[in-house]
>>> print(open('input05.cif').read())   # mmCIF, C-alpha atoms and all ligand atoms
data_upload
loop_
_atom_site.label_atom_id
_atom_site.label_comp_id
_atom_site.auth_asym_id
_atom_site.auth_seq_id
_atom_site.Cartn_x
_atom_site.Cartn_y
_atom_site.Cartn_z
CA MET A 1 -67.45 54.03 106.31
CA ASN A 2 -70.28 54.63 108.83
CA VAL A 3 -71.69 58.07 108.17
CA LEU A 4 -73.93 59.85 110.64
CA VAL A 5 -76.35 62.02 108.64
CA LEU A 6 -77.86 64.93 110.57
CA ASN A 7 -80.67 67.30 109.72
CA ALA A 8 -80.90 69.81 112.55
CA GLY A 9 -84.05 71.94 112.70
CA SER A 10 -85.14 74.58 115.21
CA SER A 11 -86.75 72.04 117.53
CA SER A 12 -85.98 68.75 115.84
CA LEU A 13 -83.03 66.56 114.95
CA LYS A 14 -83.42 63.94 112.22
CA PHE A 15 -80.65 61.38 111.91
CA GLN A 16 -79.54 58.26 110.09
CA VAL A 17 -76.43 56.12 110.15
CA ILE A 18 -75.54 54.82 106.70
CA ALA A 19 -72.69 52.44 105.90
CA THR A 20 -71.28 53.37 102.52
CA ASP A 21 -68.04 53.65 100.55
CA PRO A 22 -67.05 53.99 96.87
CA ASP A 23 -67.64 50.26 96.17
CA ARG A 24 -71.04 50.26 97.81
CA ILE A 25 -71.97 53.43 95.92
CA ARG A 26 -70.98 51.79 92.62
CA GLN A 27 -72.94 48.64 93.44
CA ASP A 28 -75.82 50.53 95.06
CA THR A 29 -75.45 48.43 98.22
CA ASP A 30 -75.23 51.16 100.87
CA GLU A 31 -76.73 50.00 104.15
CA ARG A 32 -78.97 52.01 106.46
CA LEU A 33 -78.05 51.00 110.01
CA CYS A 34 -80.62 53.22 111.71
CA ARG A 35 -82.92 56.15 111.15
CA GLY A 36 -84.85 58.34 113.54
CA ALA A 37 -85.93 61.74 114.75
CA MET A 38 -86.19 63.81 117.91
CA GLU A 39 -89.12 66.18 117.86
CA ARG A 40 -89.99 68.97 120.32
CA ILE A 41 -86.44 69.55 121.51
CA GLY A 42 -86.54 72.16 124.28
CA GLY A 43 -88.82 70.16 126.56
CA GLU A 44 -89.87 66.54 126.82
CA ALA A 45 -88.71 65.41 123.36
CA ILE A 46 -90.29 62.55 121.42
CA VAL A 47 -87.67 60.19 120.06
CA THR A 48 -88.42 57.63 117.34
CA VAL A 49 -85.76 55.23 116.10
CA GLU A 50 -85.68 52.29 113.78
CA THR A 51 -82.75 49.96 113.15
CA LYS A 52 -82.30 47.61 110.20
CA SER A 53 -83.22 44.55 112.30
CA GLY A 54 -85.11 45.70 115.39
CA PRO A 55 -88.65 47.04 115.77
CA ARG A 56 -89.47 50.75 115.67
CA GLN A 57 -88.95 52.31 119.11
CA LYS A 58 -90.64 55.42 120.42
CA PHE A 59 -89.96 57.08 123.75
CA THR A 60 -89.69 60.47 125.41
CA ALA A 61 -86.68 62.11 127.05
CA PRO A 62 -86.00 65.59 128.45
CA ILE A 63 -83.74 67.22 125.83
CA LYS A 64 -83.04 70.92 126.21
CA ASP A 65 -81.17 71.77 123.00
CA ILE A 66 -79.37 70.36 119.95
CA ASN A 67 -76.21 69.63 121.97
CA ALA A 68 -78.18 67.62 124.50
CA GLY A 69 -80.02 65.92 121.62
CA LEU A 70 -76.80 64.85 119.93
CA ASP A 71 -75.32 63.74 123.26
CA PHE A 72 -78.40 61.60 123.85
CA LEU A 73 -78.25 60.18 120.34
CA LEU A 74 -74.55 59.26 120.57
CA ARG A 75 -75.01 57.53 123.92
CA TRP A 76 -77.94 55.59 122.51
CA LEU A 77 -76.08 54.65 119.32
CA VAL A 78 -73.16 53.02 121.17
CA SER A 79 -75.36 51.38 123.83
CA ASP A 80 -76.59 47.77 123.77
CA GLN A 81 -80.09 49.19 123.67
CA SER A 82 -79.67 50.39 120.08
CA GLY A 83 -78.79 46.94 118.79
CA ILE A 84 -76.43 48.26 116.10
CA PRO A 85 -73.38 45.94 116.19
CA GLU A 86 -71.53 48.13 113.66
CA VAL A 87 -71.46 51.05 116.12
CA ARG A 88 -69.91 50.10 119.48
CA ASN A 89 -67.76 53.21 120.04
CA LEU A 90 -67.81 56.78 118.85
CA SER A 91 -64.81 55.92 116.66
CA ASP A 92 -67.15 53.64 114.68
CA ILE A 93 -68.70 56.81 113.26
CA GLN A 94 -66.12 57.80 110.67
CA ALA A 95 -67.76 60.92 109.27
CA VAL A 96 -70.78 63.18 109.72
CA GLY A 97 -72.85 64.68 106.89
CA HIS A 98 -75.11 67.67 107.54
CA ARG A 99 -78.03 68.98 105.59
CA VAL A 100 -77.43 72.73 105.40
CA VAL A 101 -80.30 74.79 104.03
CA HIS A 102 -78.62 77.83 102.49
CA GLY A 103 -75.29 77.91 100.72
CA GLY A 104 -75.99 81.22 98.93
CA GLU A 105 -73.85 81.85 95.87
CA VAL A 106 -70.76 80.59 97.68
CA PHE A 107 -71.32 76.83 97.84
CA GLN A 108 -71.90 75.12 94.50
CA GLU A 109 -71.36 71.62 95.83
CA SER A 110 -70.94 69.67 99.04
CA VAL A 111 -67.80 70.53 101.02
CA LEU A 112 -65.63 69.24 103.82
CA ILE A 113 -66.25 71.52 106.80
CA ASP A 114 -63.41 73.65 108.17
CA ASP A 115 -63.38 77.06 109.85
CA LYS A 116 -63.61 78.80 106.47
CA VAL A 117 -66.69 76.80 105.53
CA ILE A 118 -68.29 77.59 108.89
CA ALA A 119 -67.63 81.29 108.23
CA GLY A 120 -69.22 80.88 104.77
CA ILE A 121 -72.35 79.27 106.26
CA GLU A 122 -72.47 82.11 108.79
CA GLU A 123 -72.36 84.62 105.94
CA CYS A 124 -75.51 83.00 104.53
CA ILE A 125 -77.46 83.46 107.79
CA ASP A 126 -79.07 86.63 106.41
CA LEU A 127 -80.52 84.52 103.59
CA ALA A 128 -81.88 81.80 105.89
CA PRO A 129 -82.15 83.30 109.39
CA LEU A 130 -84.25 80.42 110.71
CA HIS A 131 -82.32 77.50 109.27
CA ASN A 132 -78.59 78.18 108.95
CA PRO A 133 -78.04 78.96 112.66
CA THR A 134 -79.58 75.62 113.68
CA ASN A 135 -77.51 73.77 111.06
CA LEU A 136 -74.40 75.46 112.51
CA ARG A 137 -75.42 74.42 116.00
CA GLY A 138 -75.46 70.82 114.76
CA ILE A 139 -71.97 71.17 113.27
CA ARG A 140 -70.57 72.68 116.49
CA ALA A 141 -72.26 70.04 118.63
CA VAL A 142 -70.47 67.32 116.63
CA ARG A 143 -67.12 69.08 117.14
CA ASP A 144 -67.79 69.26 120.87
CA LEU A 145 -69.07 65.74 121.35
CA ILE A 146 -67.34 63.56 118.75
CA GLY A 147 -64.27 65.70 118.27
CA ARG A 148 -62.60 67.88 115.67
CA ASP A 149 -60.82 64.93 114.09
CA THR A 150 -64.02 63.37 112.78
CA PRO A 151 -64.56 64.86 109.32
CA GLN A 152 -67.83 66.70 108.72
CA VAL A 153 -69.39 67.56 105.39
CA ALA A 154 -72.02 70.16 104.51
CA VAL A 155 -74.57 69.28 101.82
CA PHE A 156 -76.57 72.32 100.75
CA ASP A 157 -80.23 72.45 99.70
CA THR A 158 -79.35 75.26 97.31
CA ALA A 159 -76.21 73.80 95.68
CA PHE A 160 -77.93 71.85 92.90
CA HIS A 161 -79.64 75.04 91.72
CA THR A 162 -76.47 77.12 91.32
CA THR A 163 -76.50 76.20 87.61
CA ILE A 164 -79.72 78.19 87.03
CA PRO A 165 -78.98 80.98 84.53
CA GLU A 166 -79.29 84.69 85.33
CA GLN A 167 -82.48 85.16 83.32
CA ALA A 168 -84.21 82.60 85.57
CA TYR A 169 -82.71 83.58 88.91
CA LEU A 170 -82.95 87.37 88.79
CA TYR A 171 -86.17 89.08 89.87
CA ALA A 172 -87.35 92.13 87.93
CA LEU A 173 -86.43 94.45 90.79
CA PRO A 174 -84.02 97.39 90.82
CA TYR A 175 -80.71 95.67 90.06
CA HIS A 176 -78.89 97.25 93.00
CA LEU A 177 -80.98 95.09 95.36
CA TYR A 178 -79.29 92.05 93.91
CA ARG A 179 -75.88 93.67 94.24
CA ARG A 180 -76.46 94.92 97.76
CA HIS A 181 -78.44 92.09 99.31
CA ARG A 182 -78.06 89.16 96.88
CA ILE A 183 -81.83 89.12 96.34
CA ARG A 184 -82.38 86.42 93.71
CA ARG A 185 -83.85 82.96 93.26
CA TYR A 186 -81.79 80.29 95.01
CA GLY A 187 -84.17 77.33 95.04
CA PHE A 188 -84.35 74.55 97.64
CA HIS A 189 -84.93 70.78 97.95
CA GLY A 190 -81.83 70.54 95.73
CA THR A 191 -80.65 67.26 97.25
CA SER A 192 -84.03 65.65 96.53
CA HIS A 193 -84.29 66.93 92.93
CA ARG A 194 -80.70 65.86 92.29
CA TYR A 195 -81.26 62.42 93.83
CA VAL A 196 -84.36 61.52 91.81
CA ALA A 197 -82.78 62.79 88.58
CA TYR A 198 -79.76 60.61 89.34
CA ARG A 199 -81.99 57.56 90.07
CA TYR A 200 -83.88 58.16 86.86
CA ARG A 201 -80.75 58.13 84.75
CA MET A 202 -79.53 54.97 86.48
CA LEU A 203 -82.90 53.30 85.80
CA ARG A 204 -82.85 54.39 82.16
CA GLY A 205 -79.16 53.69 81.64
CA ILE A 206 -78.52 57.19 80.27
CA SER A 207 -75.79 59.71 80.99
CA ARG A 208 -76.13 62.86 83.04
CA ASP A 209 -75.97 64.96 79.85
CA GLU A 210 -78.90 63.00 78.42
CA THR A 211 -81.10 63.65 81.47
CA ASN A 212 -83.88 66.13 80.64
CA VAL A 213 -86.64 65.89 83.23
CA ILE A 214 -89.06 67.86 85.36
CA THR A 215 -88.89 66.80 88.99
CA MET A 216 -91.90 67.49 91.24
CA HIS A 217 -91.06 67.27 94.95
CA LEU A 218 -94.47 67.29 96.64
CA GLY A 219 -94.24 66.88 100.41
CA ASN A 220 -95.07 69.33 103.15
CA GLY A 221 -92.91 71.74 101.20
CA CYS A 222 -93.32 71.51 97.42
CA SER A 223 -91.14 72.50 94.50
CA ALA A 224 -90.77 71.85 90.77
CA THR A 225 -87.42 71.82 88.98
CA ALA A 226 -86.51 71.87 85.30
CA ILE A 227 -83.41 69.72 84.75
CA ARG A 228 -81.68 70.01 81.37
CA SER A 229 -78.58 67.95 80.62
CA GLY A 230 -78.62 66.82 84.24
CA ARG A 231 -78.43 70.36 85.60
CA SER A 232 -81.07 72.52 87.26
CA VAL A 233 -82.06 75.34 84.88
CA ASP A 234 -85.07 76.64 86.80
CA THR A 235 -86.98 75.90 89.97
CA SER A 236 -90.18 77.13 91.57
CA MET A 237 -88.89 78.08 95.03
CA GLY A 238 -87.17 81.43 95.14
CA MET A 239 -85.16 83.60 97.48
CA THR A 240 -86.84 81.58 100.24
CA PRO A 241 -88.89 78.35 100.22
CA LEU A 242 -92.13 80.40 100.14
CA GLU A 243 -92.40 80.92 96.39
CA GLY A 244 -93.96 78.64 93.80
CA LEU A 245 -96.31 75.74 94.39
CA VAL A 246 -99.10 75.55 96.96
CA MET A 247 -97.69 73.70 100.00
CA GLY A 248 -98.93 72.25 103.29
CA THR A 249 -98.98 75.59 105.13
CA ARG A 250 -97.21 77.92 102.64
CA SER A 251 -99.03 80.00 100.05
CA GLY A 252 -96.54 79.74 97.19
CA ASP A 253 -96.91 82.44 94.48
CA LEU A 254 -99.05 85.48 95.07
CA ASP A 255 -99.29 89.12 94.03
CA PRO A 256 -96.70 90.91 96.23
CA ALA A 257 -99.08 93.87 96.67
CA ILE A 258 -101.30 91.57 98.75
CA LEU A 259 -98.77 91.72 101.60
CA THR A 260 -99.30 95.45 102.21
CA LEU A 261 -103.01 95.05 101.75
CA ILE A 262 -103.26 92.32 104.40
CA ALA A 263 -100.99 94.26 106.77
CA THR A 264 -103.17 97.39 106.45
CA LYS A 265 -106.58 95.71 106.57
CA GLU A 266 -105.71 93.25 109.34
CA GLY A 267 -103.45 95.59 111.34
CA MET A 268 -100.49 93.23 111.05
CA THR A 269 -96.76 93.80 110.81
CA ALA A 270 -94.81 92.72 107.71
CA HIS A 271 -93.31 89.89 109.78
CA GLY A 272 -96.76 88.86 110.93
CA VAL A 273 -98.00 88.63 107.34
CA GLU A 274 -94.93 86.66 106.26
CA SER A 275 -95.44 84.26 109.11
CA MET A 276 -99.08 83.81 108.05
CA LEU A 277 -97.96 83.02 104.50
CA LEU A 278 -95.52 80.47 105.89
CA THR A 279 -97.57 78.74 108.56
CA GLN A 280 -101.30 79.43 108.06
CA SER A 281 -101.72 79.27 104.29
CA GLY A 282 -101.52 76.63 101.55
CA LEU A 283 -103.64 73.50 102.03
CA LEU A 284 -104.27 74.43 105.67
CA GLY A 285 -105.35 77.98 104.87
CA ILE A 286 -107.74 77.11 102.07
CA SER A 287 -109.31 74.07 103.74
CA GLY A 288 -109.37 75.58 107.23
CA LEU A 289 -108.76 72.03 108.40
CA THR A 290 -105.26 70.62 107.99
CA ASN A 291 -102.04 70.68 105.99
CA ASP A 292 -102.09 66.88 105.77
CA MET A 293 -103.01 65.72 102.27
CA ARG A 294 -103.99 62.26 103.49
CA VAL A 295 -106.60 63.71 105.86
CA LEU A 296 -107.88 66.08 103.16
CA GLN A 297 -108.38 63.20 100.74
CA GLU A 298 -110.30 61.17 103.34
CA GLU A 299 -112.40 64.19 104.19
CA LEU A 300 -113.20 64.77 100.52
CA LYS A 301 -114.26 61.14 100.11
CA ASP A 302 -116.40 61.08 103.27
CA HIS A 303 -117.97 64.55 103.28
CA ASP A 304 -117.24 66.24 99.94
CA ASP A 305 -116.45 69.44 101.84
CA ARG A 306 -116.27 72.41 99.45
CA ARG A 307 -113.16 74.04 100.92
CA VAL A 308 -111.33 70.75 101.15
CA ARG A 309 -112.11 70.15 97.48
CA LEU A 310 -110.91 73.66 96.65
CA ALA A 311 -107.63 73.12 98.52
CA ILE A 312 -106.94 69.94 96.55
CA GLU A 313 -107.98 71.54 93.26
CA ILE A 314 -105.86 74.66 93.74
CA PHE A 315 -102.87 72.53 94.82
CA SER A 316 -103.15 70.30 91.74
CA TYR A 317 -103.85 73.14 89.32
CA ARG A 318 -100.79 75.11 90.45
CA ALA A 319 -98.60 72.03 90.10
CA ARG A 320 -99.91 71.42 86.55
CA LYS A 321 -99.37 75.06 85.63
CA TYR A 322 -95.76 74.83 86.81
CA ILE A 323 -95.16 71.70 84.76
CA GLY A 324 -96.26 73.74 81.72
CA ALA A 325 -93.93 76.58 82.72
CA MET A 326 -90.98 74.22 83.23
CA LEU A 327 -91.62 72.52 79.88
CA ALA A 328 -91.37 75.94 78.24
CA SER A 329 -88.35 77.01 80.27
CA MET A 330 -86.29 73.94 79.34
CA GLY A 331 -87.58 73.48 75.79
CA GLY A 332 -89.42 70.19 76.46
CA ALA A 333 -88.65 67.28 78.76
CA GLU A 334 -88.29 63.52 78.38
CA ALA A 335 -90.07 62.63 81.64
CA ILE A 336 -91.89 64.03 84.64
CA ILE A 337 -90.84 62.59 88.00
CA PHE A 338 -93.00 62.73 91.14
CA THR A 339 -91.42 62.43 94.58
CA GLY A 340 -91.99 63.48 98.25
CA GLY A 341 -94.75 62.28 100.60
CA ILE A 342 -97.58 63.35 98.27
CA GLY A 343 -95.76 62.68 94.98
CA GLU A 344 -94.88 59.14 96.06
CA ASN A 345 -98.08 58.13 97.86
CA ALA A 346 -101.08 60.00 96.45
CA PRO A 347 -102.14 58.57 93.05
CA ASP A 348 -105.31 60.68 92.93
CA ILE A 349 -103.30 63.88 93.25
CA ARG A 350 -100.86 62.73 90.56
CA ALA A 351 -103.84 62.01 88.30
CA ARG A 352 -105.39 65.42 88.98
CA ILE A 353 -102.10 67.11 88.11
CA CYS A 354 -101.57 65.10 84.93
CA ASN A 355 -105.15 65.28 83.63
CA GLY A 356 -104.99 68.29 81.35
CA LEU A 357 -101.44 67.67 80.18
CA GLU A 358 -102.45 65.37 77.32
CA TRP A 359 -101.46 68.13 74.87
CA ALA A 360 -97.89 67.70 76.12
CA GLY A 361 -97.96 63.94 75.57
CA VAL A 362 -98.79 62.92 79.15
CA GLN A 363 -101.05 59.89 79.55
CA ILE A 364 -101.32 58.23 82.95
CA ASP A 365 -102.04 54.50 83.15
CA ASP A 366 -104.78 54.45 85.81
CA VAL A 367 -104.01 50.95 87.09
CA ARG A 368 -100.27 51.48 87.31
CA ASN A 369 -100.79 54.87 88.92
CA GLN A 370 -103.13 53.47 91.58
CA GLN A 371 -100.77 50.58 92.31
CA THR A 372 -97.76 52.86 92.83
CA ARG A 373 -97.33 54.01 96.42
CA GLY A 374 -93.91 54.55 97.92
CA LYS A 375 -92.07 52.65 95.19
CA GLN A 376 -90.49 53.54 91.89
CA ALA A 377 -92.46 52.95 88.70
CA ASP A 378 -93.25 54.32 85.26
CA ILE A 379 -96.95 55.21 85.58
CA GLY A 380 -97.50 56.45 82.03
CA VAL A 381 -99.36 54.60 79.28
CA GLU A 382 -96.94 52.41 77.32
CA GLY A 383 -95.43 54.48 74.51
CA SER A 384 -96.83 57.83 75.68
CA LYS A 385 -94.79 60.79 74.45
CA LEU A 386 -93.96 62.25 77.85
CA PRO A 387 -93.50 59.44 80.42
CA VAL A 388 -94.38 59.98 84.07
CA TRP A 389 -92.37 58.32 86.83
CA VAL A 390 -92.64 57.98 90.58
CA ILE A 391 -89.24 57.79 92.29
CA PRO A 392 -89.02 57.83 96.11
CA THR A 393 -86.55 60.43 97.27
CA ASP A 394 -83.66 59.65 99.65
CA GLU A 395 -81.87 62.83 100.60
CA GLU A 396 -80.03 61.14 103.47
CA LEU A 397 -78.46 58.59 101.16
CA LEU A 398 -77.17 61.34 98.88
CA ILE A 399 -75.82 63.25 101.90
CA ALA A 400 -74.01 60.09 103.10
CA ARG A 401 -72.55 59.46 99.63
CA ASP A 402 -71.44 63.09 99.24
CA THR A 403 -69.84 62.86 102.67
CA VAL A 404 -67.81 59.82 101.63
CA ARG A 405 -66.75 61.49 98.38
CA CYS A 406 -65.71 64.72 100.13
CA VAL A 407 -63.81 62.89 102.87
CA LEU A 408 -61.94 60.78 100.30
CA GLY A 409 -61.47 63.70 97.90
CA LEU A 410 -63.43 62.02 95.08
CA PRO A 411 -65.39 63.95 92.42
CA HIS A 412 -69.19 64.31 92.61
CA PRO A 413 -70.70 62.41 89.74
CA ALA A 414 -74.40 62.83 90.60
P1 LIG B 1 -91.71 66.77 104.38
O1 LIG B 1 -91.76 67.79 103.28
O2 LIG B 1 -92.03 67.35 105.75
O3 LIG B 1 -90.51 65.86 104.35
P2 LIG B 1 -93.20 64.52 103.34
O4 LIG B 1 -92.40 64.43 102.11
O5 LIG B 1 -93.15 63.40 104.31
O6 LIG B 1 -92.99 65.88 104.13
O7 LIG B 1 -94.72 64.74 102.88
C1 LIG B 1 -95.76 64.97 103.77
C2 LIG B 1 -97.07 65.03 103.00
O8 LIG B 1 -97.26 63.78 102.30
C3 LIG B 1 -98.29 65.22 103.90
O9 LIG B 1 -99.18 66.14 103.30
C4 LIG B 1 -98.91 63.83 103.91
O10 LIG B 1 -100.28 63.88 104.11
C5 LIG B 1 -98.60 63.36 102.50
N1 LIG B 1 -98.77 61.92 102.41
C6 LIG B 1 -98.01 60.94 102.95
N2 LIG B 1 -98.56 59.72 102.68
C7 LIG B 1 -99.68 59.95 101.95
C8 LIG B 1 -100.68 59.11 101.36
N3 LIG B 1 -100.64 57.79 101.48
N4 LIG B 1 -101.67 59.71 100.67
C9 LIG B 1 -101.73 61.05 100.56
N5 LIG B 1 -100.84 61.88 101.08
C10 LIG B 1 -99.82 61.35 101.77
#
>>> encode(input="input05.cif", output="structure tokens", more="lines below")
Ligand code: ADP
Amino acid sequence: MNVLVLNAGSSSLKFQVIATDPDRIRQDTDERLCRGAMERIGGEAIVTVETKSGPRQKFTAPIKDINAGLDFLLRWLVSDQSGIPEVRNLSDIQAVGHRVVHGGEVFQESVLIDDKVIAGIEECIDLAPLHNPTNLRGIRAVRDLIGRDTPQVAVFDTAFHTTIPEQAYLYALPYHLYRRHRIRRYGFHGTSHRYVAYRYRMLRGISRDETNVITMHLGNGCSATAIRSGRSVDTSMGMTPLEGLVMGTRSGDLDPAILTLIATKEGMTAHGVESMLLTQSGLLGISGLTNDMRVLQEELKDHDDRRVRLAIEIFSYRARKYIGAMLASMGGAEAIIFTGGIGENAPDIRARICNGLEWAGVQIDDVRNQQTRGKQADIGVEGSKLPVWVIPTDEELLIARDTVRCVLGLPHPA
């Protein structure tokens, strides 16, 4: 089955076509036929695409909205230009899987999309006003352009975290706010945390029930999850993806009274402050330079800039503190897993986070750590009490596999 995986953002559309089916899933032989992204939709969009055989292509095209973006993508996919022999007609795309950000308390796993599911995603718009509407636009665009007969599946960022118990998901606010507005921790990056936990248990040859790990997704957005018996029992992101770790441009945790203080002192609205916490804070805010960890590390090496050093130190310290919190919340773990752009590719950051966790049994092997970039590996010292792994995430693969399972009515094992 050729599955088109779509991740529709406000001005971007990321896509992959993955050939998979139950046999391929079992044998781990799914095939990525192409991957790419359209950025800056709304004007002259930048399109990058890569197929399994051809070189990476980059070009621009005027694309006014998601519908136009999908139309462009579908035409390209079936054209000779794409060089994908498996996709010659639209009927060669047998299903579409969507990343949907917020599934609220309604969606506990991936689902086949029908009108009821669309209404359910609409109900969650209040919880994710920026993301869910664009995800819905993607779903409707597929109905318009490929047709209603092609099955579509929604895979939610929040679904993996619906197993978090009440004591971890409720905030200490007046309880009626939860009842009235569903204000609680939902958690995000669920597909990534679930994928790396699944990979880990495959690598170790253990069952889901035996999987007790802390997963650290460190990319532009960052989150930590405590996974006990294969299920999420706590996570650092909250009602929205703003809580928890220091991120590229997001502040993560802070004293909520600071919001009013900033608004008063700086003459800003509540929305203005929130937007600052989302887009001007984190690594960017502290360093005053960039949200890009790679650039910060180069800058630190070349100029030893004080604020750049601070940004890296605060980022690493917060991540270490959360590992401690997650260890306590789940009653000890059997491994720590790093993933995401930073988690997979930045050995120095992993070392900074792990140095200071010796009390918990963490001991990084410096050589193995330095040699591990973008590939899976155990980077702990042989025999250390709490092993540390790097496992590259692959959310699109999990979305494609969930899509196949939902379309065929199979259970979700991962
Ligand atoms: P997103 O959350 O947007 O999917 P990614 O998971 O791709 O983002 O992570 C982006 C982050 O990973 C950026 O801060 C980038 O600098 C960092 N990163 C990627 N490669 C490296 C590297 N080799 N060294 C350090 N940081 C890296």
>>> residues_around(input="input05.cif", residues="Gly43 in chain A", least_positions_apart="2", cutoff="8 Å", atoms="all atoms listed in the file", output="mmCIF file with C-alpha atoms, keeping the file's coordinate frame")
data_model
loop_
_atom_site.group_PDB
_atom_site.id
_atom_site.type_symbol
_atom_site.label_atom_id
_atom_site.label_comp_id
_atom_site.auth_asym_id
_atom_site.auth_seq_id
_atom_site.Cartn_x
_atom_site.Cartn_y
_atom_site.Cartn_z
ATOM 1 C CA ARG A 40 -89.990 68.970 120.320
ATOM 2 C CA ILE A 41 -86.440 69.550 121.510
ATOM 3 C CA ALA A 45 -88.710 65.410 123.360
ATOM 4 C CA PRO A 62 -86.000 65.590 128.450
ATOM 5 C CA ILE A 63 -83.740 67.220 125.830
ATOM 6 C CA LYS A 64 -83.040 70.920 126.210
#
>>> closest_residue(input="input05.cif", among="A:Gly69, A:Pro256, A:Gly288, A:Gly36", to="Arg306 in chain A", atoms="all atoms listed in the file")
A:Gly288
>>> closest_residue(input="input05.cif", among="A:Glu395, A:Asp28, A:Asp92, A:Glu334", to="ligand LIG 1 (chain B)", atoms="all atoms listed in the file")
A:Glu395
>>> closest_residue(input="input05.cif", among="A:Thr269, A:Asn2, A:Gln297, A:Thr29", to="ligand LIG 1 (chain B)", atoms="all atoms listed in the file")
A:Gln297
>>> residues_around(input="input05.cif", residues="Asn89 in chain A", least_positions_apart="5", cutoff="10 Å", atoms="all atoms listed in the file", output="list in words")
Leu74, Arg75, Leu77, Val78 and Ser79 of chain A
>>> residues_around(input="input05.cif", residues="Ala360 in chain A", least_positions_apart="4", cutoff="12 Å", atoms="all atoms listed in the file", output="ChimeraX atom specification")
/A:320,323-328,331-336,354-356,384-388
>>> closest_residue(input="input05.cif", among="A:Arg137, A:Arg180, A:Arg24, A:Lys14", to="Val404 in chain A", atoms="all atoms listed in the file")
A:Arg24
>>> closest_residue(input="input05.cif", among="A:Pro133, A:Gly205, A:Gly248, A:Pro392", to="ligand LIG 1 (chain B)", atoms="only C-alpha atoms and all ligand atoms")
A:Gly248
>>> closest_residue(input="input05.cif", among="A:Val196, A:Ile314, A:Ile337, A:Val367", to="Arg352 in chain A", atoms="all atoms listed in the file")
A:Ile314
>>> residues_around(input="input05.cif", residues="range 125-130 of chain A", least_positions_apart="5", cutoff="9 Å", atoms="only C-alpha atoms", output="JSON, numbers by chain")
{"A": [9, 10, 101, 102, 103, 104, 181, 182, 183, 239, 240]}
>>> residues_around(input="input05.cif", residues="Phe188 in chain A", least_positions_apart="6", cutoff="10 Å", atoms="only C-alpha atoms", output="ChimeraX atom specification")
/A:101-102,156-161,221-225,235-241
>>> residues_near_point(input="input05.cif", point="(-99.7, 57.5, 90.2)", cutoff="12 Å", atoms="all atoms listed in the file", output="ChimeraX atom specification")
/A:336-339,342-355,363-381,387-391
>>> atom_distance(input="input05.cif", atom1="CA of Arg309 in chain A", atom2="CA of Trp359 in chain A")
25.1 Å
>>> residues_near_point(input="input05.cif", point="(-75.5, 74.0, 110.8)", cutoff="10 Å", atoms="only C-alpha atoms", output="list in words")
Leu6, Asn7, Ala8, Gly9, His98, Arg99, Val100, Val101, His102, Ile118, Ile121, Glu122, His131, Asn132, Pro133, Thr134, Asn135, Leu136, Arg137, Gly138, Ile139, Arg140, Ala141 and Ala154 of chain A
>>> atom_distance(input="input05.cif", atom1="CA of Gln16 in chain A", atom2="CA of Arg143 in chain A")
17.9 Å
>>> atom_distance(input="input05.cif", atom1="CA of Gly120 in chain A", atom2="CA of Pro165 in chain A")
22.5 Å
>>> axis_aligned_box(input="input05.cif", around="ligand LIG 1 (chain B)", padding_each_side="5 Å", output="JSON")
{"center_x": -96.1, "center_y": 62.8, "center_z": 103.2, "size_x": 21.2, "size_y": 20.0, "size_z": 15.2}
